[in-house]
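K.L.:
Sharing model-v6.cif below, mmCIF, C-alpha atoms:
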data_protein
loop_
_atom_site.label_atom_id
_atom_site.label_comp_id
_atom_site.auth_asym_id
_atom_site.auth_seq_id
_atom_site.Cartn_x
_atom_site.Cartn_y
_atom_site.Cartn_z
CA MET A 1 0.00 0.00 0.00
CA ASN A 2 1.49 3.37 -1.01
CA TRP A 3 1.50 6.47 1.23
CA LEU A 4 -1.48 8.09 -0.60
CA SER A 5 -3.69 5.09 0.05
CA SER A 6 -2.64 5.06 3.71
CA VAL A 7 -3.50 8.73 4.19
CA ARG A 8 -6.78 8.39 2.33
CA ASN A 9 -7.87 5.41 4.37
CA ALA A 10 -6.95 7.13 7.64
CA LEU A 11 -8.88 10.35 6.97
CA PRO A 12 -12.61 10.53 7.78
CA PHE A 13 -13.76 11.24 4.23
CA VAL A 14 -17.47 11.81 3.87
CA HIS A 15 -19.04 9.61 1.23
CA LYS A 16 -20.68 11.41 -1.65
CA ARG A 17 -24.39 11.69 -1.02
CA GLU A 18 -26.74 10.22 -3.57
CA THR A 19 -28.72 12.92 -5.40
CA PRO A 20 -32.08 12.01 -6.89
CA ASP A 21 -31.95 12.08 -10.69
CA ASN A 22 -35.37 13.71 -10.98
CA LEU A 23 -34.60 17.07 -9.39
CA TRP A 24 -33.55 18.77 -12.63
CA HIS A 25 -34.93 18.93 -16.15
CA LYS A 26 -33.02 19.94 -19.27
CA CYS A 27 -35.12 22.21 -21.49
CA ARG A 28 -35.52 20.89 -25.04
CA GLY A 29 -35.77 24.48 -26.28
CA CYS A 30 -32.74 26.28 -24.81
CA GLY A 31 -30.81 23.50 -23.07
CA GLN A 32 -30.98 25.20 -19.66
CA MET A 33 -31.27 23.06 -16.52
CA ILE A 34 -34.49 23.81 -14.65
CA PHE A 35 -35.44 22.79 -11.14
CA VAL A 36 -38.33 20.32 -11.64
CA LYS A 37 -40.44 21.95 -8.93
CA GLU A 38 -40.08 25.32 -10.68
CA LEU A 39 -41.01 23.74 -14.01
CA GLU A 40 -44.13 22.15 -12.51
CA GLU A 41 -45.19 25.43 -10.91
CA ASN A 42 -44.84 27.05 -14.34
CA LEU A 43 -47.16 24.45 -15.97
CA HIS A 44 -44.22 22.66 -17.62
CA VAL A 45 -43.20 25.77 -19.56
CA CYS A 46 -39.52 26.80 -19.53
CA PRO A 47 -39.09 30.06 -17.55
CA HIS A 48 -36.05 30.95 -19.68
CA CYS A 49 -37.20 30.47 -23.29
CA ASP A 50 -40.95 29.78 -22.93
CA HIS A 51 -40.62 26.31 -24.47
CA HIS A 52 -43.82 24.35 -23.88
CA ASP A 53 -43.03 20.78 -22.83
CA ARG A 54 -45.30 17.98 -24.00
CA ILE A 55 -47.71 16.90 -21.28
CA GLY A 56 -50.25 14.10 -21.01
CA PRO A 57 -53.97 13.93 -20.23
CA SER A 58 -53.72 13.96 -16.42
CA LEU A 59 -51.83 17.27 -16.34
CA ARG A 60 -54.03 18.80 -19.05
CA PHE A 61 -57.16 18.01 -17.09
CA ARG A 62 -55.62 19.32 -13.87
CA TYR A 63 -54.66 22.62 -15.50
CA LEU A 64 -58.03 23.08 -17.22
CA PHE A 65 -60.93 21.87 -15.11
CA ASP A 66 -62.48 23.53 -12.08
CA GLU A 67 -61.40 21.67 -8.97
CA GLY A 68 -63.52 18.62 -8.26
CA SER A 69 -65.53 18.88 -11.50
CA MET A 70 -63.76 16.28 -13.65
CA VAL A 71 -65.41 12.97 -14.51
CA ALA A 72 -63.47 10.54 -16.73
CA VAL A 73 -65.18 9.22 -19.84
CA PRO A 74 -64.58 5.43 -20.05
CA ALA A 75 -62.27 4.31 -22.85
CA PRO A 76 -64.12 2.42 -25.63
CA LYS A 77 -63.34 -1.21 -26.40
CA VAL A 78 -62.06 -2.03 -29.89
CA PRO A 79 -60.27 -5.00 -31.51
CA GLU A 80 -56.65 -4.69 -30.39
CA ASP A 81 -54.78 -6.28 -33.30
CA PRO A 82 -57.19 -6.62 -36.23
CA LEU A 83 -54.43 -7.20 -38.79
CA ARG A 84 -52.19 -9.39 -36.59
CA PHE A 85 -49.42 -6.95 -37.40
CA ARG A 86 -45.78 -7.52 -36.60
CA ASP A 87 -42.64 -5.58 -37.48
CA THR A 88 -39.61 -5.86 -35.20
CA LYS A 89 -42.12 -6.46 -32.37
CA LYS A 90 -45.69 -7.64 -32.14
CA TYR A 91 -48.27 -4.86 -32.18
CA THR A 92 -49.80 -6.28 -28.99
CA ASP A 93 -46.39 -6.01 -27.30
CA ARG A 94 -46.09 -2.37 -28.35
CA LEU A 95 -49.55 -1.67 -26.94
CA ARG A 96 -48.66 -3.38 -23.67
CA THR A 97 -45.47 -1.31 -23.35
CA ALA A 98 -47.26 1.97 -24.13
CA ARG A 99 -49.97 1.21 -21.58
CA GLY A 100 -47.39 0.42 -18.95
CA ASP A 101 -45.45 3.63 -19.65
CA THR A 102 -48.46 5.98 -19.71
CA GLY A 103 -51.09 4.27 -17.60
CA GLU A 104 -53.67 4.92 -20.33
CA ALA A 105 -55.65 2.49 -22.51
CA ASP A 106 -54.74 4.31 -25.73
CA ALA A 107 -53.62 7.66 -27.17
CA LEU A 108 -56.85 9.67 -26.71
CA VAL A 109 -58.47 10.23 -23.31
CA ASN A 110 -61.75 12.08 -22.68
CA ALA A 111 -63.17 13.70 -19.57
CA PHE A 112 -66.21 15.81 -18.71
CA GLY A 113 -65.86 18.79 -16.39
CA ARG A 114 -66.24 22.55 -16.03
CA ILE A 115 -63.93 25.39 -17.06
CA GLU A 116 -64.79 28.47 -15.00
CA GLY A 117 -68.29 27.06 -14.61
CA HIS A 118 -68.83 26.14 -18.25
CA PRO A 119 -69.56 22.43 -18.86
CA VAL A 120 -67.30 20.90 -21.48
CA VAL A 121 -66.02 17.54 -22.71
CA VAL A 122 -62.26 17.61 -23.31
CA GLY A 123 -60.26 15.05 -25.29
CA VAL A 124 -56.47 14.92 -24.96
CA GLN A 125 -54.09 13.01 -27.22
CA ASP A 126 -50.98 11.70 -25.52
CA PHE A 127 -47.87 11.77 -27.72
CA ALA A 128 -46.15 9.45 -25.24
CA PHE A 129 -48.55 6.68 -26.32
CA MET A 130 -47.04 5.45 -29.59
CA GLY A 131 -46.58 8.99 -30.84
CA GLY A 132 -50.24 9.82 -30.27
CA SER A 133 -50.98 7.77 -33.39
CA MET A 134 -54.56 7.44 -34.61
CA GLY A 135 -55.97 3.93 -34.73
CA GLN A 136 -59.40 2.47 -34.13
CA ALA A 137 -59.21 3.20 -30.40
CA VAL A 138 -58.47 6.90 -31.02
CA GLY A 139 -61.24 7.16 -33.63
CA GLU A 140 -63.75 5.47 -31.33
CA ALA A 141 -62.67 7.66 -28.39
CA PHE A 142 -63.17 10.77 -30.54
CA VAL A 143 -66.70 9.66 -31.46
CA ARG A 144 -67.38 8.80 -27.80
CA GLY A 145 -66.23 12.29 -26.76
CA VAL A 146 -68.57 13.92 -29.28
CA GLU A 147 -71.48 11.74 -28.16
CA ASN A 148 -70.87 12.73 -24.54
CA ALA A 149 -70.76 16.40 -25.50
CA ILE A 150 -74.09 16.06 -27.32
CA ARG A 151 -75.63 14.29 -24.33
CA GLU A 152 -74.37 16.99 -21.93
CA ARG A 153 -75.30 19.80 -24.37
CA CYS A 154 -71.81 21.31 -24.20
CA PRO A 155 -68.79 21.96 -26.47
CA TYR A 156 -66.20 19.35 -27.35
CA VAL A 157 -62.58 20.53 -27.04
CA ILE A 158 -59.80 18.37 -28.47
CA PHE A 159 -56.08 18.76 -27.68
CA THR A 160 -54.20 17.21 -30.59
CA ALA A 161 -50.70 15.72 -30.39
CA SER A 162 -49.95 13.07 -32.97
CA GLY A 163 -47.54 11.73 -35.54
CA GLY A 164 -50.48 10.67 -37.70
CA ALA A 165 -52.25 7.40 -38.50
CA ARG A 166 -51.16 4.18 -36.77
CA MET A 167 -49.36 2.07 -39.32
CA GLN A 168 -50.04 -1.18 -37.46
CA GLU A 169 -53.75 -0.85 -38.30
CA GLY A 170 -53.34 0.02 -41.98
CA ILE A 171 -56.52 1.14 -43.80
CA LEU A 172 -58.50 0.79 -40.57
CA SER A 173 -56.55 3.70 -39.10
CA LEU A 174 -57.16 5.85 -42.19
CA MET A 175 -60.91 5.21 -41.92
CA GLN A 176 -60.89 7.15 -38.65
CA MET A 177 -60.46 10.34 -40.69
CA PRO A 178 -63.96 10.25 -42.29
CA ARG A 179 -65.44 8.85 -39.05
CA SER A 180 -64.19 11.85 -37.08
CA THR A 181 -65.48 14.21 -39.78
CA VAL A 182 -68.96 12.69 -39.50
CA ALA A 183 -68.80 13.00 -35.69
CA ILE A 184 -67.98 16.71 -35.98
CA GLN A 185 -70.98 17.16 -38.27
CA MET A 186 -73.12 15.46 -35.62
CA LEU A 187 -71.89 18.04 -33.12
CA HIS A 188 -72.74 20.88 -35.51
CA ASP A 189 -76.18 19.42 -36.21
CA ALA A 190 -76.77 19.57 -32.46
CA GLY A 191 -75.79 23.25 -32.47
CA LEU A 192 -72.69 22.72 -30.31
CA PRO A 193 -69.17 24.16 -30.73
CA TYR A 194 -66.10 22.15 -31.68
CA ILE A 195 -62.84 23.72 -30.48
CA VAL A 196 -59.34 22.50 -31.39
CA VAL A 197 -56.15 23.18 -29.44
CA LEU A 198 -53.10 22.19 -31.50
CA THR A 199 -50.08 21.13 -29.44
CA ASP A 200 -46.59 19.97 -30.30
CA PRO A 201 -46.46 18.04 -32.54
CA THR A 202 -49.60 17.56 -34.63
CA SER A 203 -49.07 15.99 -38.03
CA GLY A 204 -50.09 13.40 -40.63
CA GLY A 205 -53.61 12.00 -40.84
CA VAL A 206 -54.71 13.77 -37.66
CA MET A 207 -53.68 17.12 -39.16
CA ALA A 208 -55.60 16.23 -42.31
CA ALA A 209 -58.72 15.35 -40.34
CA TYR A 210 -60.18 16.60 -37.08
CA ALA A 211 -57.20 18.77 -36.11
CA MET A 212 -58.07 21.43 -38.71
CA LEU A 213 -61.89 21.31 -38.60
CA GLY A 214 -62.50 23.36 -35.47
CA ASP A 215 -64.98 26.21 -35.23
CA VAL A 216 -62.11 27.90 -33.37
CA GLN A 217 -58.48 26.89 -33.95
CA ILE A 218 -56.06 27.57 -31.07
CA ALA A 219 -52.41 26.53 -30.82
CA GLU A 220 -49.74 26.52 -28.15
CA PRO A 221 -46.61 28.59 -28.94
CA LYS A 222 -43.92 27.15 -31.22
CA ALA A 223 -45.79 23.89 -31.80
CA THR A 224 -44.82 21.89 -34.89
CA LEU A 225 -47.92 21.59 -37.10
CA ALA A 226 -47.62 19.70 -40.36
CA PHE A 227 -49.16 17.17 -42.67
CA THR A 228 -45.94 16.20 -44.44
CA GLY A 229 -42.38 16.53 -43.17
CA ARG A 230 -40.31 19.59 -44.03
CA ARG A 231 -37.61 17.61 -45.85
CA VAL A 232 -40.18 15.85 -48.05
CA ILE A 233 -41.69 19.18 -49.10
CA GLU A 234 -38.30 20.78 -49.81
CA ASN A 235 -37.24 17.81 -51.93
CA THR A 236 -40.52 17.93 -53.84
CA ILE A 237 -40.66 21.66 -54.61
CA ARG A 238 -36.85 22.04 -54.63
CA GLU A 239 -36.98 25.22 -52.60
CA LYS A 240 -35.73 26.23 -49.16
CA LEU A 241 -38.63 26.76 -46.75
CA PRO A 242 -38.75 29.58 -44.15
CA ASP A 243 -37.21 28.79 -40.76
CA ASP A 244 -40.56 29.18 -38.98
CA PHE A 245 -42.42 27.04 -41.51
CA GLN A 246 -44.88 24.56 -39.92
CA THR A 247 -45.00 26.38 -36.58
CA SER A 248 -47.96 27.84 -34.71
CA GLU A 249 -46.75 31.36 -35.42
CA TYR A 250 -46.44 30.68 -39.18
CA TYR A 251 -49.96 29.26 -39.29
CA LEU A 252 -51.33 32.28 -37.43
CA ALA A 253 -49.55 34.75 -39.75
CA HIS A 254 -51.04 32.98 -42.79
CA GLY A 255 -54.59 32.81 -41.45
CA LEU A 256 -54.74 29.05 -40.87
CA ILE A 257 -55.49 29.28 -37.14
CA ASP A 258 -57.26 31.85 -34.99
CA MET A 259 -54.89 32.39 -32.08
CA VAL A 260 -51.69 31.27 -30.35
CA VAL A 261 -52.18 31.08 -26.59
CA PRO A 262 -49.53 30.36 -23.93
CA ARG A 263 -50.42 27.52 -21.58
CA ARG A 264 -50.72 29.74 -18.53
CA GLU A 265 -53.45 31.76 -20.31
CA LEU A 266 -55.22 28.85 -21.99
CA ARG A 267 -57.81 28.02 -19.32
CA GLU A 268 -59.03 31.61 -19.19
CA ARG A 269 -59.05 31.95 -22.98
CA LEU A 270 -61.01 28.72 -23.42
CA ALA A 271 -63.55 29.89 -20.85
CA THR A 272 -63.97 33.13 -22.80
CA VAL A 273 -64.40 31.34 -26.13
CA ILE A 274 -66.87 28.85 -24.66
CA GLY A 275 -68.73 31.73 -23.05
CA TYR A 276 -69.14 33.41 -26.44
CA LEU A 277 -70.21 30.21 -28.22
CA ALA A 278 -72.26 28.54 -25.50
CA GLY A 279 -72.72 31.15 -22.78
CA ASP A 280 -76.15 29.96 -21.68
CA THR A 281 -74.71 26.64 -20.48
CA LYS A 282 -72.68 28.21 -17.65
CA GLU A 283 -73.43 26.93 -14.19
CA ALA A 284 -75.52 29.38 -12.21
CA ALA A 285 -73.53 31.21 -9.55
#
Can the structure in the file be given as structure tokens, please?
P.N.:
Amino acid sequence: MNWLSSVRNALPFVHKRETPDNLWHKCRGCGQMIFVKELEENLHVCPHCDHHDRIGPSLRFRYLFDEGSMVAVPAPKVPEDPLRFRDTKKYTDRLRTARGDTGEADALVNAFGRIEGHPVVVGVQDFAFMGGSMGQAVGEAFVRGVENAIRERCPYVIFTASGGARMQEGILSLMQMPRSTVAIQMLHDAGLPYIVVLTDPTSGGVMAAYAMLGDVQIAEPKATLAFTGRRVIENTIREKLPDDFQTSEYYLAHGLIDMVVPRRELRERLATVIGYLAGDTKEAA
């Protein structure tokens, strides 16, 4: 044993304390490290660059609904693997993993509640569940959300976050596009508003269907909104696209959406919009 080892072993060194690995979060927008508690208090929005993190249904509902007013809408039952699809893994295994990671049955979750007294059914797509992809379960959940809104005589608000149709269900996933369109028409026939909140990212078949059919189109800041990828478009038209192409702000500047609303202002803005469109449904004070 050399002299350094002898000295080191003789001294009362304090062992390095274990630090939990969930105290800090690295912002995907600016790369800054943020104290997780501070991020949560700021509704998962970076206090440095205003980057809006992706969040799932449970947080959405907590940030939106009046306390104690939320009632979950049961997830519909659909055939789980109609095509017996397999790529590098079985489709059923992918579903099992996604359910374990998110705690949800599929990528779209509905709930009924009140926003500043206004009754509303809210659907939230979870990008963490297989990229928020649209399969039969998502299509059926969308229809179920509309049916609940019609029964409660209130608006249906959908928060979109999706990479598009679910490839493991082939043509069955694409058929959810016309199904959702018919459901929106049912809502209109009942004289009820359909409000869309576009979040990061919304793309593919979802963007080509119910994501762009709202009576009012709202988006969170700097969300990526696209049908086809930027590189595909540039290679097709052989032109360089603007840096802000396919962002919320670009869509707003070109008249494709109605407003861009930061998350901390979204609950109040939705209450105002619902008040204009369905003001007589507000709970009596």
K.L.:
Excluding Glu268 of chain A and any residue of its chain fewer than 6 positions from it, enumerate the residues within 10 Å of it, using all atoms listed in the file, and give them as a list in words.
P.N.:
Leu64, Ile115, Glu116 and Ile274 of chain A
K.L.:
How many Å lie between atom CA of Gly68 of chain A and atom CA of Asn110 of chain A, rounded to one decimal?
P.N.:
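Computing it gives 15.9 Å between the two atoms.
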K.L.:
Ranking A:Ala75, A:Ile233, A:Leu108, A:Val260 by minimum distance to Glu220 of chain A and counting only C-alpha atoms, which one comes first?
P.N.:
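The answer is A:Val260, which sits nearest to Glu220 of chain A.
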K.L.:
Which one of A:Ser133, A:Asn42, A:Ser180, A:Ser203 sits closest to Gln168 of chain A if you count all atoms listed in the file?
P.N.:
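Among the listed residues, the smallest separation from Gln168 of chain A belongs to A:Ser133.
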K.L.:
How would you write, as number ranges by chain, the residues chosen by the PyMOL selection byres ((chain A and resi 266) around 12) on this structure?
P.N.:
A: 43, 60, 63-65, 115-116, 159, 197-199, 218-221, 259-265, 267-274
K.L.:
How about saving the chosen residues, C-alpha atoms kept, as a JSON list (two decimals), in the coordinates of the input?
P.N.:
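Okay, this is what ended up in again.json:
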[["chain", "number", "residue", "atom", "x", "y", "z"],
["A", 43, "LEU", "CA", -47.16, 24.45, -15.97],
["A", 60, "ARG", "CA", -54.03, 18.80, -19.05],
["A", 63, "TYR", "CA", -54.66, 22.62, -15.50],
["A", 64, "LEU", "CA", -58.03, 23.08, -17.22],
["A", 65, "PHE", "CA", -60.93, 21.87, -15.11],
["A", 115, "ILE", "CA", -63.93, 25.39, -17.06],
["A", 116, "GLU", "CA", -64.79, 28.47, -15.00],
["A", 159, "PHE", "CA", -56.08, 18.76, -27.68],
["A", 197, "VAL", "CA", -56.15, 23.18, -29.44],
["A", 198, "LEU", "CA", -53.10, 22.19, -31.50],
["A", 199, "THR", "CA", -50.08, 21.13, -29.44],
["A", 218, "ILE", "CA", -56.06, 27.57, -31.07],
["A", 219, "ALA", "CA", -52.41, 26.53, -30.82],
["A", 220, "GLU", "CA", -49.74, 26.52, -28.15],
["A", 221, "PRO", "CA", -46.61, 28.59, -28.94],
["A", 259, "MET", "CA", -54.89, 32.39, -32.08],
["A", 260, "VAL", "CA", -51.69, 31.27, -30.35],
["A", 261, "VAL", "CA", -52.18, 31.08, -26.59],
["A", 262, "PRO", "CA", -49.53, 30.36, -23.93],
["A", 263, "ARG", "CA", -50.42, 27.52, -21.58],
["A", 264, "ARG", "CA", -50.72, 29.74, -18.53],
["A", 265, "GLU", "CA", -53.45, 31.76, -20.31],
["A", 267, "ARG", "CA", -57.81, 28.02, -19.32],
["A", 268, "GLU", "CA", -59.03, 31.61, -19.19],
["A", 269, "ARG", "CA", -59.05, 31.95, -22.98],
["A", 270, "LEU", "CA", -61.01, 28.72, -23.42],
["A", 271, "ALA", "CA", -63.55, 29.89, -20.85],
["A", 272, "THR", "CA", -63.97, 33.13, -22.80],
["A", 273, "VAL", "CA", -64.40, 31.34, -26.13],
["A", 274, "ILE", "CA", -66.87, 28.85, -24.66]]
K.L.:
Excluding same-chain residues fewer than 3 positions from segment 227-232 of chain A, what lies within 6 Å of it counting only C-alpha atoms, as a PDB file with C-alpha atoms, in the frame of the given file?
P.N.:
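Final file, part15.pdb:
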ATOM      1  CA  SER A 203     -49.070  15.990 -38.030  1.00  0.00           C
ATOM      2  CA  GLY A 204     -50.090  13.400 -40.630  1.00  0.00           C
ATOM      3  CA  MET A 207     -53.680  17.120 -39.160  1.00  0.00           C
ATOM      4  CA  ASN A 235     -37.240  17.810 -51.930  1.00  0.00           C
TER       5      ASN A 235
END
K.L.:
Tell me which of A:Cys30, A:Met177, A:Ile171, A:Val120 sits closest to Asp53 of chain A, counting only C-alpha atoms.
P.N.:
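Between A:Cys30, A:Met177, A:Ile171, A:Val120, the residue approaching Asp53 of chain A most closely is A:Cys30.
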K.L.:
Could you pull the residues within 9 Å of Gly123 of chain A, counting only C-alpha atoms, minus those fewer than 2 positions along the same chain, as a list in words?
P.N.:
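Once the nearby chain positions are removed, what remains is Pro57, Leu108, Val109, Asn110, Ala111, Phe112, Val121, Gln125, Ala141, Phe142, Gly145, Tyr156, Val157, Ile158, Phe159 and Thr160 of chain A.
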K.L.:
List, as a list of chain:residue names, every residue that the PyMOL selection byres ((chain A and resi 236-248) around 6) selects in the file provided.
P.N.:
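Written out, the selection comes to A:Pro221, A:Lys222, A:Ala223, A:Thr224, A:Leu225, A:Ala226, A:Ile233, A:Glu234, A:Asn235, A:Glu249, A:Tyr250, A:Tyr251.
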K.L.:
Write out as a PyMOL selection string each polymer residue whose atoms come within 10 Å of Val78 of chain A, counting only C-alpha atoms; drop sequence neighbours fewer than 5 positions from it.
P.N.:
chain A and resi 135-141
K.L.:
Quick one: of A:Arg28, A:His48, A:His254, A:His188, who's nearest to Glu147 of chain A, counting only C-alpha atoms?
P.N.:
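Distance minimum relative to Glu147 of chain A lands on A:His188.
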K.L.:
What is the distance between atom CA of Gly117 of chain A and atom CA of Gly56 of chain A, in Å to one decimal?
P.N.:
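Between these atoms lies a distance of 23.1 Å.
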K.L.:
A:Thr92, A:Ser162, A:Ser69, A:Thr97: which is nearest Gly113 of chain A, counting all atoms listed in the file?
P.N.:
A:Ser69
K.L.:
When you count only C-alpha atoms, which of these residues is closest to Asp215 of chain A: A:Lys77, A:Ala253, A:Asp258, A:Glu38?
P.N.:
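Nearest to Asp215 of chain A: A:Asp258.
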K.L.:
Could you state the separation of atom CA of Pro201 of chain A and atom CA of Asp126 of chain A in Å, given to one decimal place?
P.N.:
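Computing the Euclidean distance for atom CA of Pro201 of chain A and atom CA of Asp126 of chain A yields 10.5 Å.
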K.L.:
How would you write, as a list of chain:residue names, the residues chosen by the PyMOL selection byres ((chain A and resi 170) around 12) on this structure?
P.N.:
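Applying the PyMOL selection byres ((chain A and resi 170) around 12) to the structure shown produces A:Asp81, A:Pro82, A:Leu83, A:Arg84, A:Phe85, A:Arg86, A:Ser133, A:Met134, A:Gly135, A:Gln136, A:Gly164, A:Ala165, A:Arg166, A:Met167, A:Gln168, A:Glu169, A:Ile171, A:Leu172, A:Ser173, A:Leu174, A:Met175, A:Gln176.
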